[in-house]
Amino acid sequence: MSLLTPEIKSWIGHSEPPITVEVSRREIVKYAVATEQVRQVYLDGDEAPPMFAFGLFRPVVPLDALGPDGLPPMTAMPELPLKRIMAGGTRLTIHRPVRPGQTLVGTRSITDIFEKEGRQGPLIFVVTELGVTTAAGEPVMAETQTRIAR
Amino acid sequence: MPKLSEVRVGRAIPGRSHTPTNVSLFLYNAAIWNPHRIHYDEKYTTEVERHPGVVIDGPLQGDWLAQVVTNWLGDDGSLLEFEYSNRKACFLGQTLVSGGEIESVDPASGRVGLRLFVKDEAGDVTSPGSAVVRLD
């Protein structure tokens with residue numbers, strides 16, 4: 001029996017409103033230090049490491065809106081019958097490097113929801129795609145991300 | 001730094017070892033604004049989400065894989081495509097080792113394919129990945 005109701009499946013194709021972010025040198029430097037980068041160009045914040053954008057478009061919500069697991073409510077996701085969420089993987093296509101001072105626009109949409117039987121029970125995979133452009137609309141990167149609920 | 005004329009399929013790319021601490025994991029999750037309690041609240045992590053310990057972020061391992069590429073590449077090329085998946089959960093206290101090897105070389109376009117890995121102390125690949133770079 002499928003865990004995925006027609007209501008859940010109907011979220012495939014759903015798009016979030018675009019998020020606009022100003023990239024600051026300090027934010028790049030913090031990320032570079034926390035991830036143990038060694039290239040000076042990252043540690044000085046002249047350019048962002050490729051995975052920097054992973055955090056850039058994460059939702060920032062008031063503290064009282066965070067759930068019991070600490071995570072913000074998934075406005076861009078259906079309510080799933082499985083609650084424990086883990087990262088599954090990421091695919092990046094990079095068109096140009098991210099640099100301080102840029103204004104970037106990110107648009108996230110759900111491209112697939114499917115289920116699999118794991119070793120310890122059922123798993124639901126939610127695949128989202130984040131398209132990032134400059135304010136002028138030039139492509140910066142596309143990120144496909146899989147989250148696994150178990 | 002790599003030169004297109006010198007890269008060979010099968011050659012290893014240097015990696016590194018990473019041993020996250022409470023402090024480094026906290027700073028990483030602060031930097032990406034990730035408040036998920038499995039990365040800093042041990043009691044919650046083991047009792048509610050039933051992991052054996054505080055979870056090392058999958059995307060942090062993804063970053064280490066990207067660093068295998070960017071550290072090898074230096075200023076001599078660009079990263080075009082990158083992907084990884086998190087296959088085995090990793091927990092605070094573990095030491096993880098990154099690395100990779102050259103999988104394909106296309107002299108005409110300058111494109112080089114790389115296979116990447118993060119392994120745990122048992123030698124199991126926790127996060128496999130791959131990348132396509134263009135050498136200048």
# chains A, B, ... in the order shown; residues from 1 in each chain; ligands from 1

$ residues_around --residues "Lys9 in chain A" --least-positions-apart "2" --cutoff "9 Å" --atoms "only C-alpha atoms" --output "VMD selection string"
chain A and resid 4 to 7 11 to 12 78 112 to 114

$ select_by_dssp --residues "chain B" --states "strand (DSSP E or B)" --output "PyMOL selection string"
chain B and resi 12-13+17-18+55+77-85+91+96-106+111-119+125-135

$ write_last_selection --atoms "N, CA and C atoms" --output "compact mmCIF listing (two decimals), in the first residue's frame"
# COMPACT_ATOMS: atom_id res chain seq x y z
N ALA B 12 44.97 9.03 -8.69
CA ALA B 12 44.28 9.49 -7.48
C ALA B 12 44.40 11.00 -7.32
N ILE B 13 43.39 11.58 -6.70
CA ILE B 13 43.39 13.00 -6.35
C ILE B 13 43.49 13.08 -4.83
N SER B 17 41.56 14.28 5.82
CA SER B 17 40.76 13.68 6.88
C SER B 17 40.06 14.80 7.66
N HIS B 18 38.84 14.53 8.07
CA HIS B 18 38.03 15.50 8.81
C HIS B 18 37.49 14.84 10.07
N VAL B 55 24.43 13.83 14.61
CA VAL B 55 24.61 13.48 13.20
C VAL B 55 25.50 14.51 12.48
N GLY B 77 41.21 25.86 -13.54
CA GLY B 77 40.04 25.36 -14.24
C GLY B 77 38.77 25.71 -13.50
N SER B 78 37.64 25.18 -14.00
CA SER B 78 36.36 25.47 -13.36
C SER B 78 35.61 24.18 -13.09
N LEU B 79 34.89 24.19 -11.98
CA LEU B 79 33.98 23.09 -11.66
C LEU B 79 32.67 23.36 -12.40
N LEU B 80 32.25 22.39 -13.23
CA LEU B 80 31.03 22.56 -14.03
C LEU B 80 29.84 21.82 -13.43
N GLU B 81 30.08 20.56 -13.06
CA GLU B 81 29.01 19.71 -12.52
C GLU B 81 29.53 19.01 -11.27
N PHE B 82 28.63 18.84 -10.30
CA PHE B 82 29.04 18.19 -9.06
C PHE B 82 27.82 17.49 -8.48
N GLU B 83 27.98 16.25 -8.06
CA GLU B 83 26.85 15.61 -7.37
C GLU B 83 27.39 14.62 -6.33
N TYR B 84 26.56 14.40 -5.29
CA TYR B 84 26.94 13.42 -4.29
C TYR B 84 25.66 12.87 -3.69
N SER B 85 25.77 11.72 -3.04
CA SER B 85 24.64 11.25 -2.24
C SER B 85 25.15 10.78 -0.89
N PHE B 91 28.40 10.06 12.56
CA PHE B 91 28.10 10.64 13.87
C PHE B 91 29.33 11.29 14.50
N LEU B 96 36.45 11.07 9.20
CA LEU B 96 36.07 10.72 7.83
C LEU B 96 37.16 11.20 6.89
N VAL B 97 37.38 10.42 5.83
CA VAL B 97 38.47 10.72 4.91
C VAL B 97 37.90 10.92 3.51
N SER B 98 38.28 12.04 2.87
CA SER B 98 37.82 12.32 1.52
C SER B 98 38.92 11.98 0.52
N GLY B 99 38.53 11.82 -0.73
CA GLY B 99 39.50 11.57 -1.79
C GLY B 99 38.81 11.39 -3.11
N GLY B 100 39.58 11.03 -4.12
CA GLY B 100 38.98 10.82 -5.43
C GLY B 100 39.97 10.30 -6.44
N GLU B 101 39.48 10.08 -7.66
CA GLU B 101 40.38 9.71 -8.75
C GLU B 101 39.81 10.20 -10.08
N ILE B 102 40.69 10.26 -11.06
CA ILE B 102 40.28 10.73 -12.39
C ILE B 102 39.59 9.60 -13.12
N GLU B 103 38.39 9.89 -13.60
CA GLU B 103 37.59 8.83 -14.22
C GLU B 103 37.56 8.94 -15.74
N SER B 104 37.64 10.17 -16.25
CA SER B 104 37.61 10.34 -17.71
C SER B 104 38.34 11.63 -18.07
N VAL B 105 38.91 11.63 -19.27
CA VAL B 105 39.60 12.83 -19.76
C VAL B 105 39.20 13.02 -21.22
N ASP B 106 38.73 14.20 -21.57
CA ASP B 106 38.43 14.51 -22.95
C ASP B 106 39.33 15.67 -23.40
N ARG B 111 37.50 18.69 -20.72
CA ARG B 111 36.66 18.21 -19.62
C ARG B 111 37.26 16.97 -18.98
N VAL B 112 37.27 16.97 -17.66
CA VAL B 112 37.80 15.84 -16.90
C VAL B 112 36.73 15.39 -15.91
N GLY B 113 36.44 14.10 -15.90
CA GLY B 113 35.46 13.54 -14.96
C GLY B 113 36.18 12.98 -13.74
N LEU B 114 35.64 13.23 -12.58
CA LEU B 114 36.25 12.78 -11.33
C LEU B 114 35.26 11.95 -10.54
N ARG B 115 35.80 10.90 -9.89
CA ARG B 115 34.99 10.13 -8.95
C ARG B 115 35.46 10.50 -7.55
N LEU B 116 34.52 10.72 -6.64
CA LEU B 116 34.87 11.25 -5.32
C LEU B 116 34.27 10.36 -4.23
N PHE B 117 34.91 10.41 -3.05
CA PHE B 117 34.33 9.63 -1.95
C PHE B 117 34.64 10.29 -0.62
N VAL B 118 33.75 10.06 0.35
CA VAL B 118 34.07 10.21 1.77
C VAL B 118 33.91 8.81 2.37
N LYS B 119 34.95 8.37 3.09
CA LYS B 119 34.91 7.04 3.72
C LYS B 119 35.00 7.17 5.24
N VAL B 125 32.31 3.63 2.09
CA VAL B 125 32.03 4.93 1.49
C VAL B 125 30.71 5.44 2.06
N THR B 126 30.74 6.54 2.77
CA THR B 126 29.53 7.11 3.36
C THR B 126 28.84 8.05 2.38
N SER B 127 29.65 8.77 1.58
CA SER B 127 29.11 9.70 0.59
C SER B 127 29.92 9.62 -0.69
N PRO B 128 29.39 8.89 -1.69
CA PRO B 128 30.05 8.91 -2.99
C PRO B 128 29.64 10.15 -3.78
N GLY B 129 30.49 10.56 -4.69
CA GLY B 129 30.14 11.72 -5.51
C GLY B 129 30.89 11.69 -6.82
N SER B 130 30.60 12.65 -7.69
CA SER B 130 31.33 12.78 -8.94
C SER B 130 31.31 14.24 -9.36
N ALA B 131 32.23 14.58 -10.24
CA ALA B 131 32.30 15.97 -10.70
C ALA B 131 32.81 16.00 -12.11
N VAL B 132 32.45 17.05 -12.83
CA VAL B 132 33.04 17.33 -14.15
C VAL B 132 33.70 18.70 -14.05
N VAL B 133 34.97 18.77 -14.43
CA VAL B 133 35.67 20.05 -14.41
C VAL B 133 36.18 20.35 -15.82
N ARG B 134 36.48 21.60 -16.06
CA ARG B 134 37.15 21.97 -17.31
C ARG B 134 38.49 22.57 -16.95
N LEU B 135 39.55 21.95 -17.49
CA LEU B 135 40.90 22.49 -17.24
C LEU B 135 41.21 23.55 -18.28

$ residues_around --residues "Val41 in chain A" --least-positions-apart "3" --cutoff "12 Å" --atoms "only C-alpha atoms" --output "number ranges by chain"
A: 25, 28-29, 32-33, 37-38, 44-49, 97-100; B: 70-71, 74-75

$ write_last_selection --atoms "N, CA and C atoms" --output "PDB file, in the first residue's frame"
ATOM      1  N   ARG A  25      30.449  39.227   2.034  1.00  0.00           N
ATOM      2  CA  ARG A  25      31.770  38.630   2.219  1.00  0.00           C
ATOM      3  C   ARG A  25      31.849  37.903   3.565  1.00  0.00           C
ATOM      4  N   ILE A  28      30.334  34.488   3.506  1.00  0.00           N
ATOM      5  CA  ILE A  28      31.204  33.534   2.802  1.00  0.00           C
ATOM      6  C   ILE A  28      32.354  33.105   3.711  1.00  0.00           C
ATOM      7  N   VAL A  29      32.953  34.069   4.422  1.00  0.00           N
ATOM      8  CA  VAL A  29      34.086  33.773   5.304  1.00  0.00           C
ATOM      9  C   VAL A  29      33.658  32.805   6.413  1.00  0.00           C
ATOM     10  N   ALA A  32      33.304  29.424   4.954  1.00  0.00           N
ATOM     11  CA  ALA A  32      34.619  28.873   4.589  1.00  0.00           C
ATOM     12  C   ALA A  32      35.348  28.341   5.825  1.00  0.00           C
ATOM     13  N   VAL A  33      35.267  29.073   6.933  1.00  0.00           N
ATOM     14  CA  VAL A  33      35.917  28.639   8.175  1.00  0.00           C
ATOM     15  C   VAL A  33      35.235  27.374   8.712  1.00  0.00           C
ATOM     16  N   GLN A  37      37.774  25.144   4.748  1.00  0.00           N
ATOM     17  CA  GLN A  37      38.358  25.404   3.430  1.00  0.00           C
ATOM     18  C   GLN A  37      39.834  25.736   3.584  1.00  0.00           C
ATOM     19  N   VAL A  38      40.614  25.459   2.554  1.00  0.00           N
ATOM     20  CA  VAL A  38      42.035  25.823   2.589  1.00  0.00           C
ATOM     21  C   VAL A  38      42.400  26.874   1.529  1.00  0.00           C
ATOM     22  N   ASP A  44      39.181  34.358   2.303  1.00  0.00           N
ATOM     23  CA  ASP A  44      39.094  35.824   2.246  1.00  0.00           C
ATOM     24  C   ASP A  44      37.703  36.291   1.822  1.00  0.00           C
ATOM     25  N   GLY A  45      36.856  35.360   1.394  1.00  0.00           N
ATOM     26  CA  GLY A  45      35.506  35.722   0.970  1.00  0.00           C
ATOM     27  C   GLY A  45      35.458  36.398  -0.398  1.00  0.00           C
ATOM     28  N   ASP A  46      36.518  36.209  -1.212  1.00  0.00           N
ATOM     29  CA  ASP A  46      36.498  36.798  -2.562  1.00  0.00           C
ATOM     30  C   ASP A  46      35.581  36.009  -3.495  1.00  0.00           C
ATOM     31  N   GLU A  47      35.405  34.724  -3.173  1.00  0.00           N
ATOM     32  CA  GLU A  47      34.540  33.850  -3.963  1.00  0.00           C
ATOM     33  C   GLU A  47      33.947  32.831  -3.003  1.00  0.00           C
ATOM     34  N   ALA A  48      32.722  32.367  -3.284  1.00  0.00           N
ATOM     35  CA  ALA A  48      32.091  31.395  -2.388  1.00  0.00           C
ATOM     36  C   ALA A  48      32.423  29.974  -2.843  1.00  0.00           C
ATOM     37  N   PRO A  49      32.669  29.047  -1.896  1.00  0.00           N
ATOM     38  CA  PRO A  49      32.822  27.637  -2.259  1.00  0.00           C
ATOM     39  C   PRO A  49      31.547  27.131  -2.963  1.00  0.00           C
ATOM     40  N   PRO A  97      30.766  31.601 -10.672  1.00  0.00           N
ATOM     41  CA  PRO A  97      30.995  31.601  -9.228  1.00  0.00           C
ATOM     42  C   PRO A  97      30.156  32.654  -8.503  1.00  0.00           C
ATOM     43  N   VAL A  98      29.876  32.372  -7.237  1.00  0.00           N
ATOM     44  CA  VAL A  98      29.158  33.329  -6.379  1.00  0.00           C
ATOM     45  C   VAL A  98      30.197  34.226  -5.699  1.00  0.00           C
ATOM     46  N   ARG A  99      29.974  35.539  -5.777  1.00  0.00           N
ATOM     47  CA  ARG A  99      30.923  36.505  -5.202  1.00  0.00           C
ATOM     48  C   ARG A  99      30.196  37.483  -4.298  1.00  0.00           C
ATOM     49  N   PRO A 100      30.939  38.081  -3.338  1.00  0.00           N
ATOM     50  CA  PRO A 100      30.297  39.040  -2.429  1.00  0.00           C
ATOM     51  C   PRO A 100      29.756  40.244  -3.197  1.00  0.00           C
TER      52      PRO A 100
ATOM     53  N   THR B  70      38.033  21.360  -5.708  1.00  0.00           N
ATOM     54  CA  THR B  70      38.517  22.741  -5.814  1.00  0.00           C
ATOM     55  C   THR B  70      39.975  22.851  -5.344  1.00  0.00           C
ATOM     56  N   ASN B  71      40.383  22.035  -4.368  1.00  0.00           N
ATOM     57  CA  ASN B  71      41.780  22.085  -3.921  1.00  0.00           C
ATOM     58  C   ASN B  71      42.725  21.534  -4.984  1.00  0.00           C
ATOM     59  N   GLY B  74      42.582  24.268  -8.026  1.00  0.00           N
ATOM     60  CA  GLY B  74      43.185  25.585  -7.801  1.00  0.00           C
ATOM     61  C   GLY B  74      42.616  26.615  -8.763  1.00  0.00           C
ATOM     62  N   ASP B  75      43.501  27.402  -9.368  1.00  0.00           N
ATOM     63  CA  ASP B  75      43.044  28.441 -10.313  1.00  0.00           C
ATOM     64  C   ASP B  75      43.101  27.952 -11.756  1.00  0.00           C
TER      65      ASP B  75
END

$ residues_around --residues "Leu27 in chain B" --least-positions-apart "5" --cutoff "9 Å" --atoms "only C-alpha atoms" --output "PyMOL selection string"
(chain A and resi 30-31+33-35) or (chain B and resi 22+32)

$ closest_residue --among "A:Glu22, A:Arg96, A:Leu80, A:Pro17" --to "chain B" --atoms "only C-alpha atoms"
A:Arg96

$ residues_around --residues "range 34-46 of chain B" --least-positions-apart "6" --cutoff "12 Å" --atoms "only C-alpha atoms" --output "PyMOL selection string"
(chain A and resi 54-63+65-73+84-87) or (chain B and resi 20-28+52-60+89-92)

$ decode --residues "chain A" --atoms "C-alpha atoms" --output "CSV table (one decimal), in the first residue's frame"
chain,number,residue,atom,x,y,z
A,1,MET,CA,0.0,0.0,0.0
A,2,SER,CA,1.4,3.4,-0.9
A,3,LEU,CA,2.1,6.0,1.7
A,4,LEU,CA,1.8,8.7,-1.0
A,5,THR,CA,-1.8,9.9,-1.2
A,6,PRO,CA,-3.0,11.8,-4.3
A,7,GLU,CA,-2.9,15.0,-2.1
A,8,ILE,CA,0.9,14.4,-1.5
A,9,LYS,CA,1.6,13.5,-5.2
A,10,SER,CA,-0.2,16.7,-6.2
A,11,TRP,CA,2.7,18.7,-4.8
A,12,ILE,CA,4.9,17.6,-7.6
A,13,GLY,CA,5.5,20.7,-9.7
A,14,HIS,CA,4.7,23.1,-6.9
A,15,SER,CA,6.9,26.2,-6.9
A,16,GLU,CA,7.8,28.5,-4.0
A,17,PRO,CA,7.9,32.3,-4.5
A,18,PRO,CA,11.4,33.4,-5.4
A,19,ILE,CA,13.8,34.5,-2.6
A,20,THR,CA,16.2,37.4,-3.1
A,21,VAL,CA,19.5,37.2,-1.2
A,22,GLU,CA,22.4,39.7,-1.0
A,23,VAL,CA,25.7,37.8,-0.7
A,24,SER,CA,28.0,39.3,1.9
A,25,ARG,CA,31.8,38.6,2.2
A,26,ARG,CA,31.4,37.9,5.9
A,27,GLU,CA,28.8,35.2,5.3
A,28,ILE,CA,31.2,33.5,2.8
A,29,VAL,CA,34.1,33.8,5.3
A,30,LYS,CA,32.0,32.2,8.1
A,31,TYR,CA,31.0,29.3,5.7
A,32,ALA,CA,34.6,28.9,4.6
A,33,VAL,CA,35.9,28.6,8.2
A,34,ALA,CA,33.2,26.3,9.3
A,35,THR,CA,33.8,23.9,6.4
A,36,GLU,CA,37.6,23.9,6.9
A,37,GLN,CA,38.4,25.4,3.4
A,38,VAL,CA,42.0,25.8,2.6
A,39,ARG,CA,41.9,28.0,-0.6
A,40,GLN,CA,42.6,31.6,0.3
A,41,VAL,CA,40.1,32.9,-2.2
A,42,TYR,CA,37.3,31.3,-0.1
A,43,LEU,CA,38.8,32.2,3.3
A,44,ASP,CA,39.1,35.8,2.2
A,45,GLY,CA,35.5,35.7,1.0
A,46,ASP,CA,36.5,36.8,-2.6
A,47,GLU,CA,34.5,33.8,-4.0
A,48,ALA,CA,32.1,31.4,-2.4
A,49,PRO,CA,32.8,27.6,-2.3
A,50,PRO,CA,30.5,25.6,-4.6
A,51,MET,CA,28.3,24.3,-1.8
A,52,PHE,CA,27.8,27.8,-0.2
A,53,ALA,CA,24.5,28.3,-1.9
A,54,PHE,CA,23.1,25.2,-0.1
A,55,GLY,CA,22.6,27.4,3.0
A,56,LEU,CA,22.0,30.6,1.2
A,57,PHE,CA,18.3,29.9,0.4
A,58,ARG,CA,17.3,28.0,3.5
A,59,PRO,CA,14.2,29.6,5.1
A,60,VAL,CA,14.7,32.0,8.0
A,61,VAL,CA,11.5,32.1,10.1
A,62,PRO,CA,10.7,33.5,13.6
A,63,LEU,CA,11.8,31.2,16.5
A,64,ASP,CA,8.3,30.4,17.6
A,65,ALA,CA,7.6,29.0,14.1
A,66,LEU,CA,10.3,26.3,14.4
A,67,GLY,CA,9.0,22.7,15.0
A,68,PRO,CA,9.9,20.3,17.8
A,69,ASP,CA,12.8,19.0,15.7
A,70,GLY,CA,14.1,22.5,15.3
A,71,LEU,CA,13.3,22.7,11.6
A,72,PRO,CA,11.1,25.4,10.1
A,73,PRO,CA,7.8,24.1,8.8
A,74,MET,CA,8.1,22.9,5.3
A,75,THR,CA,5.9,25.4,3.5
A,76,ALA,CA,7.3,24.0,0.2
A,77,MET,CA,6.4,20.5,1.1
A,78,PRO,CA,3.3,18.4,1.7
A,79,GLU,CA,2.6,17.0,5.2
A,80,LEU,CA,4.3,13.5,5.0
A,81,PRO,CA,3.3,10.4,7.0
A,82,LEU,CA,7.0,9.9,7.9
A,83,LYS,CA,8.5,12.5,10.1
A,84,ARG,CA,12.3,12.0,10.5
A,85,ILE,CA,14.0,13.9,7.8
A,86,MET,CA,17.6,13.4,6.5
A,87,ALA,CA,19.6,14.8,3.6
A,88,GLY,CA,19.8,12.4,0.7
A,89,GLY,CA,22.1,14.2,-1.8
A,90,THR,CA,22.7,17.1,-4.1
A,91,ARG,CA,23.5,17.7,-7.7
A,92,LEU,CA,24.9,21.1,-8.8
A,93,THR,CA,25.3,22.6,-12.2
A,94,ILE,CA,27.5,25.7,-11.9
A,95,HIS,CA,27.4,28.5,-14.5
A,96,ARG,CA,29.4,31.2,-12.7
A,97,PRO,CA,31.0,31.6,-9.2
A,98,VAL,CA,29.2,33.3,-6.4
A,99,ARG,CA,30.9,36.5,-5.2
A,100,PRO,CA,30.3,39.0,-2.4
A,101,GLY,CA,28.0,41.9,-3.3
A,102,GLN,CA,25.9,39.9,-5.7
A,103,THR,CA,22.2,39.9,-5.5
A,104,LEU,CA,20.9,36.4,-6.2
A,105,VAL,CA,17.4,35.1,-6.8
A,106,GLY,CA,16.5,31.5,-5.9
A,107,THR,CA,13.4,29.7,-6.9
A,108,ARG,CA,12.6,26.3,-5.4
A,109,SER,CA,10.2,23.8,-6.8
A,110,ILE,CA,9.3,20.1,-6.1
A,111,THR,CA,10.2,18.0,-9.1
A,112,ASP,CA,9.5,14.5,-7.7
A,113,ILE,CA,8.1,12.6,-4.7
A,114,PHE,CA,8.5,8.8,-4.6
A,115,GLU,CA,8.8,6.0,-2.1
A,116,LYS,CA,11.1,3.0,-1.6
A,117,GLU,CA,11.3,0.2,0.9
A,118,GLY,CA,14.5,0.7,3.0
A,119,ARG,CA,16.3,-1.9,5.1
A,120,GLN,CA,14.5,-0.5,8.2
A,121,GLY,CA,11.1,0.4,6.7
A,122,PRO,CA,9.6,2.7,4.1
A,123,LEU,CA,11.3,5.8,2.9
A,124,ILE,CA,9.8,8.8,1.1
A,125,PHE,CA,12.1,10.8,-1.3
A,126,VAL,CA,11.3,14.4,-2.0
A,127,VAL,CA,13.3,15.9,-4.8
A,128,THR,CA,13.5,19.7,-5.1
A,129,GLU,CA,15.2,21.9,-7.6
A,130,LEU,CA,16.6,25.3,-6.8
A,131,GLY,CA,17.4,27.6,-9.7
A,132,VAL,CA,19.7,30.5,-8.9
A,133,THR,CA,20.1,33.5,-11.1
A,134,THR,CA,21.6,37.0,-10.8
A,135,ALA,CA,19.2,39.9,-10.3
A,136,ALA,CA,19.6,40.5,-14.1
A,137,GLY,CA,18.4,36.9,-14.8
A,138,GLU,CA,21.8,35.4,-15.8
A,139,PRO,CA,22.0,31.7,-14.6
A,140,VAL,CA,24.3,31.1,-11.6
A,141,MET,CA,23.6,27.5,-10.7
A,142,ALA,CA,20.9,24.9,-10.5
A,143,GLU,CA,20.8,22.6,-7.4
A,144,THR,CA,18.8,19.4,-7.3
A,145,GLN,CA,18.4,18.2,-3.7
A,146,THR,CA,16.9,15.0,-2.3
A,147,ARG,CA,15.4,14.8,1.2
A,148,ILE,CA,14.6,11.5,2.7
A,149,ALA,CA,11.7,11.0,5.2
A,150,ARG,CA,11.7,7.8,7.3
